[in-house]
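Structure below is data20.cif: mmCIF, C-alpha atoms and all ligand atoms.
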data_structure
loop_
_atom_site.label_atom_id
_atom_site.label_comp_id
_atom_site.auth_asym_id
_atom_site.auth_seq_id
_atom_site.Cartn_x
_atom_site.Cartn_y
_atom_site.Cartn_z
CA MET Y 14 162.20 92.26 64.58
CA ASN Y 15 164.34 94.26 67.03
CA ILE Y 16 162.79 94.31 70.48
CA LEU Y 17 163.58 96.34 73.60
CA LEU Y 18 162.39 95.11 76.99
CA ILE Y 19 162.67 97.44 79.98
CA GLY Y 20 163.37 96.01 83.44
CA SER Y 21 165.78 93.80 85.36
CA GLY Y 22 163.87 91.26 87.46
CA GLY Y 23 162.66 87.68 87.30
CA ARG Y 24 159.64 89.05 85.45
CA GLU Y 25 161.89 90.38 82.69
CA HIS Y 26 163.87 87.12 82.49
CA ALA Y 27 160.55 85.31 81.95
CA PHE Y 28 159.50 87.86 79.30
CA SER Y 29 162.88 87.44 77.59
CA MET Y 30 162.51 83.68 77.45
CA GLN Y 31 159.08 83.96 75.86
CA LEU Y 32 160.17 86.62 73.36
CA CYS Y 33 163.24 84.57 72.31
CA LYS Y 34 161.11 81.53 71.56
CA SER Y 35 159.42 83.44 68.74
CA LYS Y 36 160.72 83.26 65.18
CA LEU Y 37 159.76 86.93 64.88
CA CYS Y 38 162.42 88.00 67.38
CA SER Y 39 165.67 88.76 65.57
CA LYS Y 40 167.37 90.84 68.24
CA LEU Y 41 166.41 91.32 71.90
CA TYR Y 42 167.77 94.08 74.12
CA ILE Y 43 167.04 94.23 77.84
CA MET Y 44 167.47 97.53 79.69
CA PRO Y 45 169.21 97.09 82.11
CA GLY Y 46 168.62 93.30 82.45
CA ASN Y 47 170.43 90.84 84.73
CA ALA Y 48 172.82 87.87 84.44
CA GLY Y 49 169.95 85.65 83.28
CA THR Y 50 168.71 87.91 80.50
CA ALA Y 51 172.31 88.25 79.25
CA SER Y 52 172.13 84.70 77.91
CA LEU Y 53 169.03 85.54 75.84
CA GLY Y 54 169.78 88.99 74.50
CA VAL Y 55 171.95 92.05 74.96
CA ASN Y 56 171.80 93.87 78.28
CA VAL Y 57 171.91 97.64 77.88
CA ALA Y 58 173.23 99.76 80.75
CA ILE Y 59 170.90 102.73 80.34
CA ASN Y 60 168.62 104.00 83.11
CA PRO Y 61 165.03 103.45 81.85
CA LEU Y 62 163.98 106.72 83.51
CA ASP Y 63 166.36 108.66 81.27
CA PHE Y 64 163.83 108.87 78.43
CA ASP Y 65 166.12 110.86 76.09
CA SER Y 66 168.73 108.10 76.23
CA VAL Y 67 166.11 105.33 75.86
CA GLY Y 68 164.68 107.13 72.81
CA LEU Y 69 168.09 107.62 71.22
CA PHE Y 70 168.90 103.94 71.78
CA CYS Y 71 165.66 102.94 70.04
CA ILE Y 72 166.43 105.12 67.02
CA GLU Y 73 170.04 103.95 66.73
CA ASN Y 74 169.10 100.27 67.09
CA LYS Y 75 165.96 100.38 64.95
CA ILE Y 76 163.71 99.09 67.70
CA GLU Y 77 160.31 98.00 66.39
CA LEU Y 78 158.68 96.75 69.61
CA LEU Y 79 159.10 98.14 73.12
CA ILE Y 80 157.74 96.39 76.22
CA VAL Y 81 157.91 98.03 79.64
CA GLY Y 82 158.13 95.62 82.61
CA PRO Y 83 158.07 97.80 85.76
CA GLU Y 84 155.64 100.54 86.78
CA ASP Y 85 158.02 103.39 87.46
CA PRO Y 86 158.82 104.40 83.85
CA LEU Y 87 155.10 104.07 82.99
CA VAL Y 88 153.91 106.28 85.84
CA LYS Y 89 156.64 108.79 84.93
CA GLY Y 90 155.36 108.92 81.34
CA ILE Y 91 157.65 106.89 79.09
CA ARG Y 92 154.79 106.18 76.69
CA ASP Y 93 153.79 109.85 76.61
CA TYR Y 94 157.42 110.69 75.74
CA PHE Y 95 157.45 108.20 72.85
CA GLU Y 96 154.05 109.34 71.55
CA ALA Y 97 155.18 112.97 71.44
CA HIS Y 98 158.38 112.20 69.53
CA GLU Y 99 158.31 112.18 65.71
CA GLN Y 100 160.92 109.42 65.37
CA LEU Y 101 159.58 107.24 68.19
CA LYS Y 102 155.81 107.45 67.92
CA ASN Y 103 155.52 104.59 65.43
CA ILE Y 104 157.35 102.03 67.56
CA ALA Y 105 154.90 99.31 68.70
CA PHE Y 106 154.60 99.95 72.45
CA VAL Y 107 153.24 97.74 75.24
CA GLY Y 108 152.52 99.75 78.39
CA PRO Y 109 149.96 102.45 79.28
CA ASP Y 110 150.58 106.20 79.26
CA SER Y 111 150.98 108.16 82.48
CA ILE Y 112 147.21 108.62 82.85
CA GLY Y 113 146.49 104.89 82.43
CA ALA Y 114 149.34 104.10 84.83
CA GLN Y 115 147.46 106.06 87.52
CA MET Y 116 145.56 102.79 87.97
CA GLU Y 117 148.65 101.84 89.96
CA GLY Y 118 150.28 105.21 90.58
CA SER Y 119 147.42 106.61 92.66
CA LYS Y 120 145.26 104.50 94.97
CA ASP Y 121 142.80 107.39 95.27
CA TRP Y 122 142.54 107.68 91.48
CA SER Y 123 141.84 103.96 91.16
CA LYS Y 124 139.20 104.05 93.93
CA VAL Y 125 137.42 106.96 92.21
CA PHE Y 126 137.59 105.00 88.94
CA MET Y 127 136.13 101.85 90.52
CA GLN Y 128 133.35 103.74 92.22
CA LYS Y 129 132.46 105.60 89.05
CA HIS Y 130 132.25 102.39 87.03
CA GLY Y 131 130.52 100.20 89.61
CA ILE Y 132 133.48 97.85 90.16
CA PRO Y 133 133.29 95.96 93.47
CA THR Y 134 135.92 97.16 95.95
CA ALA Y 135 136.23 97.92 99.68
CA ALA Y 136 134.46 101.03 101.02
CA TYR Y 137 136.93 103.90 101.51
CA LYS Y 138 137.60 107.55 102.16
CA THR Y 139 140.65 109.63 101.25
CA PHE Y 140 142.38 112.10 103.58
CA THR Y 141 145.10 114.76 103.24
CA SER Y 142 146.52 117.45 105.57
CA GLU Y 143 143.44 119.55 104.66
CA ASN Y 144 141.00 117.15 106.33
CA LEU Y 145 143.27 115.25 108.73
CA GLN Y 146 141.04 115.96 111.75
CA GLU Y 147 138.05 114.58 109.84
CA GLY Y 148 140.20 111.50 109.12
CA ILE Y 149 140.95 111.02 112.80
CA ASP Y 150 137.23 111.28 113.63
CA TYR Y 151 136.46 108.81 110.84
CA LEU Y 152 138.98 106.30 112.19
CA SER Y 153 137.56 106.64 115.72
CA ASN Y 154 134.37 104.94 114.54
CA HIS Y 155 135.84 102.55 111.94
CA SER Y 156 135.41 98.78 112.07
CA LEU Y 157 138.59 96.76 112.75
CA PRO Y 158 141.09 96.04 111.34
CA ILE Y 159 141.62 99.23 109.34
CA VAL Y 160 143.58 99.38 106.09
CA LEU Y 161 145.65 102.54 105.41
CA LYS Y 162 147.16 103.02 101.97
CA ALA Y 163 149.64 105.65 100.86
CA ASP Y 164 148.19 107.07 97.65
CA GLY Y 165 151.38 106.99 95.57
CA LEU Y 166 154.05 104.42 94.69
CA ALA Y 167 155.83 103.23 97.84
CA ALA Y 168 157.77 100.18 96.60
CA GLY Y 169 155.11 97.81 97.94
CA LYS Y 170 155.44 99.15 101.50
CA GLY Y 171 152.66 101.73 101.55
CA VAL Y 172 149.84 99.54 102.89
CA LEU Y 173 149.32 99.21 106.65
CA ILE Y 174 146.78 96.97 108.33
CA CYS Y 175 146.04 98.35 111.79
CA GLU Y 176 144.50 96.16 114.47
CA THR Y 177 143.46 99.05 116.74
CA ARG Y 178 141.95 102.50 116.17
CA GLU Y 179 144.76 104.10 118.21
CA GLU Y 180 147.39 102.56 115.93
CA ALA Y 181 145.45 103.65 112.83
CA ILE Y 182 145.20 107.25 114.09
CA LYS Y 183 148.91 107.34 114.91
CA GLU Y 184 149.84 105.92 111.51
CA LEU Y 185 147.50 108.25 109.60
CA ASP Y 186 149.17 111.18 111.32
CA LEU Y 187 152.67 109.80 110.59
CA MET Y 188 151.80 109.25 106.95
CA ILE Y 189 150.28 112.68 106.37
CA SER Y 190 152.08 115.02 108.81
CA GLU Y 191 155.48 113.29 108.98
CA LYS Y 192 155.45 112.07 105.34
CA LYS Y 193 156.22 108.49 106.41
CA PHE Y 194 156.26 107.43 102.76
CA GLY Y 195 157.49 110.76 101.37
CA SER Y 196 155.20 112.43 98.87
CA ALA Y 197 153.45 109.07 98.29
CA SER Y 198 151.56 109.56 101.59
CA THR Y 199 150.45 113.18 101.03
CA LYS Y 200 147.10 111.50 100.43
CA VAL Y 201 146.01 108.41 102.33
CA VAL Y 202 143.20 106.03 101.43
CA VAL Y 203 141.44 104.52 104.46
CA GLU Y 204 139.76 101.29 103.51
CA GLU Y 205 137.52 98.63 104.93
CA PHE Y 206 139.33 95.32 105.58
CA LEU Y 207 138.28 92.46 103.32
CA LYS Y 208 138.68 88.91 104.59
CA GLY Y 209 139.29 86.15 102.08
CA ILE Y 210 141.79 84.50 99.77
CA GLU Y 211 143.77 86.75 97.43
CA LEU Y 212 144.38 86.04 93.80
CA SER Y 213 145.73 87.97 90.87
CA VAL Y 214 144.07 88.13 87.49
CA PHE Y 215 146.00 89.44 84.48
CA VAL Y 216 144.45 91.08 81.47
CA LEU Y 217 146.12 92.19 78.29
CA THR Y 218 144.34 94.97 76.41
CA ASP Y 219 144.99 96.83 73.17
CA GLY Y 220 142.65 99.66 74.12
CA LYS Y 221 139.47 98.03 72.81
CA ASN Y 222 139.89 94.24 72.91
CA TYR Y 223 141.22 92.18 75.78
CA GLN Y 224 142.53 88.71 76.53
CA ILE Y 225 142.44 87.16 80.00
CA LEU Y 226 145.75 85.55 80.93
CA PRO Y 227 146.11 82.75 83.49
CA SER Y 228 145.41 83.75 87.09
CA ALA Y 229 147.92 83.26 89.90
CA LYS Y 230 148.44 83.53 93.62
CA ASP Y 231 151.45 85.24 95.11
CA TYR Y 232 152.87 84.71 98.63
CA LYS Y 233 153.72 88.19 99.86
CA ARG Y 234 154.98 87.70 103.41
CA ILE Y 235 158.59 86.87 104.18
CA GLY Y 236 157.79 84.18 106.76
CA GLU Y 237 156.19 80.77 106.55
CA ALA Y 238 152.46 80.62 107.37
CA ASP Y 239 152.25 84.17 105.95
CA ALA Y 240 154.01 85.81 108.89
CA GLY Y 241 156.27 88.85 109.01
CA LEU Y 242 156.96 91.71 106.64
CA ASN Y 243 155.52 92.16 103.17
CA THR Y 244 157.88 91.46 100.29
CA GLY Y 245 157.61 91.79 96.52
CA GLY Y 246 156.53 88.14 96.54
CA MET Y 247 158.16 84.90 97.74
CA GLY Y 248 156.52 82.42 95.40
CA ALA Y 249 153.54 81.90 93.15
CA ILE Y 250 151.16 79.30 91.75
CA SER Y 251 149.10 79.22 88.56
CA PRO Y 252 146.29 78.25 88.13
CA LEU Y 253 144.36 78.15 91.41
CA PRO Y 254 141.88 75.40 92.17
CA PHE Y 255 139.04 77.76 93.09
CA ALA Y 256 139.57 80.08 90.12
CA ASN Y 257 137.72 77.78 87.74
CA GLU Y 258 135.97 78.83 84.55
CA ALA Y 259 132.78 79.89 86.33
CA TYR Y 260 134.70 82.01 88.82
CA ILE Y 261 136.79 83.69 86.12
CA LYS Y 262 133.55 84.38 84.19
CA LYS Y 263 132.24 86.16 87.27
CA VAL Y 264 135.45 88.20 87.47
CA GLU Y 265 135.15 88.99 83.78
CA ASP Y 266 131.55 90.19 84.02
CA ARG Y 267 131.84 92.14 87.25
CA ILE Y 268 135.39 93.45 87.05
CA ILE Y 269 137.23 93.03 83.75
CA LYS Y 270 134.49 94.27 81.41
CA PRO Y 271 133.59 97.30 83.54
CA THR Y 272 137.31 98.11 83.85
CA ILE Y 273 137.96 97.99 80.09
CA ASN Y 274 134.71 99.83 79.32
CA GLY Y 275 135.44 102.38 82.05
CA LEU Y 276 138.87 103.15 80.61
CA GLN Y 277 137.30 103.67 77.19
CA ALA Y 278 134.45 105.79 78.55
CA ASP Y 279 136.99 107.97 80.36
CA GLY Y 280 138.97 108.44 77.13
CA ILE Y 281 142.03 106.56 78.41
CA ASN Y 282 143.88 104.71 75.66
CA TYR Y 283 145.21 101.86 77.81
CA VAL Y 284 147.55 99.52 75.93
CA GLY Y 285 149.27 96.88 78.02
CA PHE Y 286 148.86 94.61 81.01
CA ILE Y 287 146.36 95.20 83.79
CA PHE Y 288 147.14 93.27 86.96
CA ILE Y 289 144.01 93.04 89.08
CA GLY Y 290 144.63 92.13 92.70
CA LEU Y 291 141.46 90.50 94.01
CA MET Y 292 140.15 89.37 97.35
CA ASN Y 293 137.80 86.44 97.09
CA VAL Y 294 135.25 87.12 99.84
CA ASN Y 295 132.75 84.25 100.16
CA GLU Y 296 133.15 83.46 96.46
CA GLU Y 297 132.64 87.12 95.52
CA PRO Y 298 135.57 88.97 93.90
CA PHE Y 299 136.54 92.47 95.14
CA VAL Y 300 139.35 94.56 93.71
CA ILE Y 301 142.12 95.33 96.21
CA GLU Y 302 144.35 97.07 93.72
CA TYR Y 303 145.21 97.55 90.09
CA ASN Y 304 148.76 97.49 88.78
CA SER Y 305 149.71 98.74 85.34
CA ARG Y 306 152.13 95.88 84.62
CA MET Y 307 152.60 92.16 85.21
CA GLY Y 308 153.31 90.90 88.74
CA ASP Y 309 156.63 89.52 89.91
CA PRO Y 310 156.88 86.55 90.70
CA GLU Y 311 153.44 85.87 89.16
CA THR Y 312 154.93 86.37 85.69
CA GLU Y 313 157.29 83.48 86.38
CA VAL Y 314 154.30 81.11 86.56
CA VAL Y 315 151.90 82.84 84.15
CA LEU Y 316 154.17 83.37 81.13
CA PRO Y 317 155.62 79.84 80.94
CA ARG Y 318 152.03 78.60 80.58
CA ILE Y 319 151.35 80.82 77.54
CA GLN Y 320 151.94 78.80 74.35
CA THR Y 321 150.82 81.44 71.86
CA ASP Y 322 153.70 83.12 70.04
CA PHE Y 323 154.60 85.86 72.48
CA VAL Y 324 155.91 88.40 69.97
CA GLU Y 325 152.67 88.01 68.01
CA LEU Y 326 150.73 88.54 71.23
CA MET Y 327 152.69 91.70 72.08
CA MET Y 328 152.39 93.07 68.54
CA ALA Y 329 148.64 92.42 68.52
CA THR Y 330 148.41 94.34 71.80
CA ALA Y 331 150.41 97.27 70.50
CA THR Y 332 148.55 97.46 67.18
CA GLY Y 333 144.94 96.94 68.29
CA SER Y 334 144.36 93.42 66.96
CA LEU Y 335 144.13 91.32 70.13
CA ASN Y 336 140.73 90.11 68.91
CA GLU Y 337 142.55 88.13 66.20
CA ILE Y 338 144.64 86.15 68.70
CA SER Y 339 143.60 82.77 70.03
CA LEU Y 340 145.34 82.30 73.33
CA GLN Y 341 146.80 78.82 73.94
CA ILE Y 342 147.48 77.97 77.57
CA ASP Y 343 149.35 74.98 79.01
CA SER Y 344 146.84 73.24 81.28
CA ARG Y 345 149.49 72.05 83.74
CA THR Y 346 150.20 73.84 87.01
CA ALA Y 347 153.26 76.04 87.32
CA THR Y 348 154.80 76.94 90.68
CA THR Y 349 157.69 79.17 91.55
CA ILE Y 350 159.78 79.56 94.70
CA MET Y 351 161.88 82.68 95.18
CA LEU Y 352 165.35 82.44 96.70
CA VAL Y 353 166.13 85.63 98.62
CA SER Y 354 169.10 87.27 100.33
CA LYS Y 355 169.61 87.42 104.07
CA GLY Y 356 167.92 90.52 105.47
CA TYR Y 357 165.32 90.91 102.70
CA PRO Y 358 162.88 92.75 102.62
CA GLU Y 359 164.92 95.14 104.76
CA ASP Y 360 168.65 95.82 104.15
CA TYR Y 361 170.07 92.69 102.57
CA GLU Y 362 173.35 91.07 101.59
CA LYS Y 363 174.64 91.19 98.01
CA GLY Y 364 177.57 89.89 96.02
CA LYS Y 365 177.29 86.23 97.10
CA VAL Y 366 178.48 83.64 94.58
CA ILE Y 367 175.61 81.49 93.28
CA SER Y 368 176.40 77.83 92.59
CA GLY Y 369 174.56 74.62 91.81
CA MET Y 370 172.51 75.98 88.91
CA GLU Y 371 173.95 73.33 86.60
CA LEU Y 372 172.42 70.63 88.83
CA VAL Y 373 168.91 71.75 87.93
CA ASN Y 374 167.40 70.19 84.83
CA ASP Y 375 163.69 70.00 85.55
CA SER Y 376 162.93 73.60 86.58
CA ILE Y 377 163.37 76.96 84.87
CA LEU Y 378 165.69 79.27 86.78
CA PHE Y 379 164.57 82.85 86.37
CA HIS Y 380 167.21 85.27 87.56
CA ALA Y 381 165.89 88.22 89.57
CA GLY Y 382 168.69 90.11 91.35
CA THR Y 383 171.85 88.67 89.77
CA LYS Y 384 174.90 90.03 87.98
CA PHE Y 385 178.22 88.77 86.65
CA GLY Y 386 181.30 89.01 88.87
CA GLU Y 387 184.68 89.92 87.40
CA ASN Y 388 185.72 86.29 86.83
CA GLY Y 389 182.39 85.36 85.26
CA ASP Y 390 180.79 84.06 88.46
CA ILE Y 391 177.12 84.80 88.90
CA LEU Y 392 176.57 86.92 92.01
CA SER Y 393 173.49 87.84 94.00
CA ASN Y 394 172.59 91.47 93.36
CA GLY Y 395 169.20 92.03 94.93
CA GLY Y 396 166.84 91.03 97.73
CA ARG Y 397 165.08 88.57 95.48
CA VAL Y 398 167.75 86.54 93.70
CA MET Y 399 166.22 83.70 91.69
CA ALA Y 400 162.79 82.20 91.00
CA ILE Y 401 162.60 78.44 90.51
CA THR Y 402 159.66 77.56 88.28
CA SER Y 403 158.39 74.02 87.74
CA PHE Y 404 155.50 72.34 86.01
CA GLY Y 405 153.37 69.49 87.33
CA ASN Y 406 150.04 67.83 86.78
CA THR Y 407 149.09 68.94 90.28
CA ILE Y 408 150.22 71.75 92.59
CA ALA Y 409 151.93 69.17 94.81
CA GLU Y 410 153.87 67.69 91.91
CA ALA Y 411 155.12 71.06 90.66
CA LEU Y 412 155.99 72.23 94.17
CA ALA Y 413 157.97 69.09 94.92
CA ILE Y 414 160.24 69.86 91.95
CA SER Y 415 160.60 73.57 92.82
CA ASN Y 416 161.41 72.65 96.43
CA LYS Y 417 163.98 70.04 95.43
CA ASN Y 418 165.76 72.52 93.18
CA ALA Y 419 165.50 75.40 95.66
CA ALA Y 420 167.73 73.28 97.88
CA LEU Y 421 170.26 72.63 95.08
CA VAL Y 422 170.93 76.24 94.08
CA GLN Y 423 173.28 77.68 96.69
CA PHE Y 424 174.52 81.03 97.93
CA GLU Y 425 175.57 82.08 101.40
CA ASN Y 426 172.62 82.72 103.74
CA LYS Y 427 170.04 81.84 101.09
CA TYR Y 428 166.48 81.90 102.39
CA TYR Y 429 163.23 80.70 100.87
CA ARG Y 430 159.78 79.75 102.06
CA ARG Y 431 159.27 76.02 102.21
CA ASP Y 432 155.50 76.35 102.50
CA ILE Y 433 154.51 77.96 99.19
CA GLY Y 434 151.08 76.61 98.25
CA TYR Y 435 150.45 75.24 101.74
CA GLU Y 436 146.73 75.92 101.71
CA PHE Y 437 146.23 73.80 98.59
CA LEU Y 438 148.15 70.72 99.74
P1 LIG I 501 148.74 96.38 97.91
O1 LIG I 501 150.07 97.09 98.06
O2 LIG I 501 147.62 97.27 97.55
O3 LIG I 501 148.91 95.13 97.09
O4 LIG I 501 148.37 95.81 99.35
C1 LIG I 501 149.27 94.97 100.01
C2 LIG I 501 148.53 93.86 100.67
O5 LIG I 501 147.69 94.40 101.70
C3 LIG I 501 147.58 93.10 99.78
O6 LIG I 501 148.23 92.11 99.06
C4 LIG I 501 146.60 92.52 100.78
O7 LIG I 501 147.15 91.37 101.39
C5 LIG I 501 146.53 93.61 101.82
N1 LIG I 501 145.33 94.45 101.59
C6 LIG I 501 145.24 95.55 100.83
N2 LIG I 501 144.00 96.06 100.87
C7 LIG I 501 143.27 95.25 101.69
C8 LIG I 501 141.92 95.24 102.15
N3 LIG I 501 141.06 96.19 101.80
N4 LIG I 501 141.55 94.25 102.96
C9 LIG I 501 142.42 93.30 103.35
N5 LIG I 501 143.70 93.25 102.97
C10 LIG I 501 144.14 94.22 102.16
N1 LIG I 502 153.95 90.25 93.35
C1 LIG I 502 153.25 91.43 93.51
C2 LIG I 502 153.58 92.50 92.59
O1 LIG I 502 154.23 92.32 91.58
O2 LIG I 502 153.15 93.63 92.85
#

Could you write out this file's structure as structure tokens?
Amino acid sequence: MNILLIGSGGREHAFSMQLCKSKLCSKLYIMPGNAGTASLGVNVAINPLDFDSVGLFCIENKIELLIVGPEDPLVKGIRDYFEAHEQLKNIAFVGPDSIGAQMEGSKDWSKVFMQKHGIPTAAYKTFTSENLQEGIDYLSNHSLPIVLKADGLAAGKGVLICETREEAIKELDLMISEKKFGSASTKVVVEEFLKGIELSVFVLTDGKNYQILPSAKDYKRIGEADAGLNTGGMGAISPLPFANEAYIKKVEDRIIKPTINGLQADGINYVGFIFIGLMNVNEEPFVIEYNSRMGDPETEVVLPRIQTDFVELMMATATGSLNEISLQIDSRTATTIMLVSKGYPEDYEKGKVISGMELVNDSILFHAGTKFGENGDILSNGGRVMAITSFGNTIAEALAISNKNAALVQFENKYYRRDIGYEFL
């Protein structure tokens, strides 16, 4: 089978590895891919947002399965484009249409959805320029801290946690009147702060059936002890000690089932991954956010644990037969540590030669931001450069291997958190 995977991060390198393991995969293309995916398939230099070119590529290369990694093409309607096209509509497709992708593309939309379907989430109200004064009055009486969320996609930067009401009022005004996050903050969701431990639960659905994938925890802050700016994620662990069978059952009953049923009741044909960001508040799960894709770097610990043939799993998703799949999961723990460039998550360095990869034989190196230099060197090409995934019988065992290898892979001014998983050690 000819397969096209869209994306270029560590997530897509992990997808590529799983797809290549399957006997069903005859040819894998990654659009645009990175230096890691190049060793598993053919990187294709087409912009995934140029749907005409993506479609033409699929026709010319007889693509039979298309998987979309990142949210942007989904929110912008890549599935809708394929469904409306005579020659493309029969390609097996993993990823929701633009309405389903509103789960991630609009925080207000997802809050309305959760409220309508009785899914536990923080109390909220949404404001725009039309009711800004009402918003300011609302904030003046709000409990602290206050969470402000830009409604639209803001590259992971659109959430602010304000410690004072004055700060919240100033930020609400900046977001709405000064368009702090561009059109993404035309609407702002003001939310109650939930205190607890975060975890991510991943669900794969074909529109009627679903399978629950392993859960994971991501470390979002740049600094050790969870200090400093938010990043895309600095490391991850799967599974989590507290997310045992009973806890996941609770999540399934209170959150996953109502979500899948809600999508169906609302007439949304959602085919793909649902990433549910949860806050565990005194053992009770609340939804912080939905994403319409897999997480990165969570994928780098979740996918290596999936033993079921991954092409079969993707095809079952795309063709409505997920109920026929029996999911096999590796019971060991997987951990990943992300090596990042100096400056990340703000302006960062690029083009640094990466060395020492050949010294690593007991971890999987998932390339994130990498590319080939002219002489064949592998160069850093992003804020997040490489995820180092290891297995162990315990979190400590897996982390020890990831940490050892994080020190062996070198590039100038490399940075990584040495405390991933600290609260479980
Ligand atoms: P998001 O972009 O929605 O993932 O939010 C970024 C981060 O903000 C989350 O990972 C949480 O750490 C934090 N966050 C979001 N919403 C809340 C909330 N209601 N209470 C506490 N923390 C939150
Ligand atoms: N690691 C968080 C995300 O993918 O959104």

Handout entry: Selected residue of minimal separation from ligand LIG 502 (chain I) among Y:Asp164, Y:Glu311, Y:Asp150, Y:Glu237, counting all atoms listed in the file
Key =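 For ligand LIG 502 (chain I), the nearest of the candidates is Y:Glu311.
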
Handout entry: Non-local contacts of range 382-397 of chain Y (6 Å; only C-alpha atoms; under 5 positions in same chain excluded) as an NGL selection string
Key = :Y and (47-48 or 353-354 or 357 or 363-367)

Kindly provide the residues of chain Y that approach ligand LIG 502 (chain I) to within 9 Å, each paired with its closest atom pair and their distance in Å to one decimal, based on only C-alpha atoms and all ligand atoms, listed by chain and increasing number, as a tab-separated table.
residue	atom	partner	partner_atom	distance
Y:Arg24	CA	I:LIG502	O1	8.8
Y:Pro83	CA	I:LIG502	O1	8.9
Y:Ala168	CA	I:LIG502	O2	8.8
Y:Gly169	CA	I:LIG502	O2	6.9
Y:Ser213	CA	I:LIG502	C1	8.7
Y:Lys230	CA	I:LIG502	N1	8.7
Y:Asp231	CA	I:LIG502	N1	5.9
Y:Tyr232	CA	I:LIG502	N1	7.7
Y:Lys233	CA	I:LIG502	N1	6.8
Y:Thr244	CA	I:LIG502	N1	8.1
Y:Gly245	CA	I:LIG502	N1	5.1
Y:Gly246	CA	I:LIG502	N1	4.6
Y:Met247	CA	I:LIG502	N1	8.1
Y:Gly248	CA	I:LIG502	N1	8.5
Y:Ala249	CA	I:LIG502	N1	8.4
Y:Phe288	CA	I:LIG502	O2	8.4
Y:Gly290	CA	I:LIG502	O2	8.7
Y:Asn304	CA	I:LIG502	O2	7.1
Y:Arg306	CA	I:LIG502	O1	8.1
Y:Met307	CA	I:LIG502	O1	6.6
Y:Gly308	CA	I:LIG502	O1	3.3
Y:Asp309	CA	I:LIG502	O1	4.0
Y:Pro310	CA	I:LIG502	N1	5.4
Y:Glu311	CA	I:LIG502	N1	6.1
Y:Thr312	CA	I:LIG502	O1	8.4

Exercise for the section: Using only C-alpha atoms and all ligand atoms, determine which residues fall within 8 Å of ligand LIG 501 (chain I), then list them as a ChimeraX atom specification. Expected result: /Y:134-135,160,162,169-174,204-209,211,233,243,290,292,301-303

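Closest to His98 in chain Y among Y:Leu316, Y:Leu326, Y:Tyr151, Y:Ile72 is Y:Ile72, based on all atoms listed in the file.
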
Practice task
Mind listing whatever residues come within 12 Å of the point (130.9, 93.2, 96.1)? Use only C-alpha atoms, file coordinates, and give them as an MDAnalysis selection string.
Solution key: chainID Y and resid 127:128 131:136 207 263:264 267:268 291:301

Practice task
Quick one: pull the distance between CA of Lys129 in chain Y and CA of Ile112 in chain Y, Å, one decimal.
Solution key: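 Computed distance, CA of Lys129 in chain Y to CA of Ile112 in chain Y, equals 16.3 Å.
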
Handout entry: Gln115 in chain Y environment, 12 Å, all atoms listed in the file, sequence neighbours closer than 6 positions dropped, as JSON, numbers by chain
Key = {"Y": [84, 85, 87, 88, 89, 90, 109, 121, 122, 123, 124, 125, 126, 164, 165, 166, 276, 281, 283, 287, 302, 303, 304, 305, 306]}

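Interatomic distance, CA of Val57 in chain Y against CA of Ile43 in chain Y: 5.9 Å.
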
Exercise for the section: Could you jot down the CA of Cys38 in chain Y to CA of Met14 in chain Y separation for me, Å, one decimal place? Expected result: 5.1 Å

Exercise for the section: Point out the residue among Y:Ile19, Y:Val201, Y:His26, Y:Tyr42 with the least atom-to-atom distance to Ile401 in chain Y, counting only C-alpha atoms. Expected result: Y:His26

Problem - Selection: 6 Å around Thr218 in chain Y, all atoms listed in the file, excl. self and same-chain fewer than 4 positions, as a PyMOL selection string - result: chain Y and resi 222-223+284-285

For Gly46 in chain Y, please output as a PDB file with C-alpha atoms, in the frame of the given file all residues within 7 Å (counting only C-alpha atoms; exclusion window: fewer than 5 positions along the same chain).
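So the final result, stored in selection_35.pdb, reads:
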ATOM      1  CA  GLY Y  20     163.370  96.010  83.440  1.00  0.00           C
ATOM      2  CA  SER Y  21     165.780  93.800  85.360  1.00  0.00           C
ATOM      3  CA  ASN Y  56     171.800  93.870  78.280  1.00  0.00           C
TER       4      ASN Y  56
END

With 3 Å on each side, where is the centre of the axis-aligned box around all listed atoms of range 32-36 of chain Y, and how long are its edges in Å to one decimal, as lines of an AutoDock Vina configuration file?
center_x = 161.3
center_y = 84.1
center_z = 69.3
size_x = 9.8
size_y = 11.1
size_z = 14.2

Fill in the blank from the handout: Restricting to all atoms listed in the file, whichever of Y:Ala400, Y:Ala259, Y:Ala105, Y:Leu226 is closest to Ala329 in chain Y is Y:Ala105
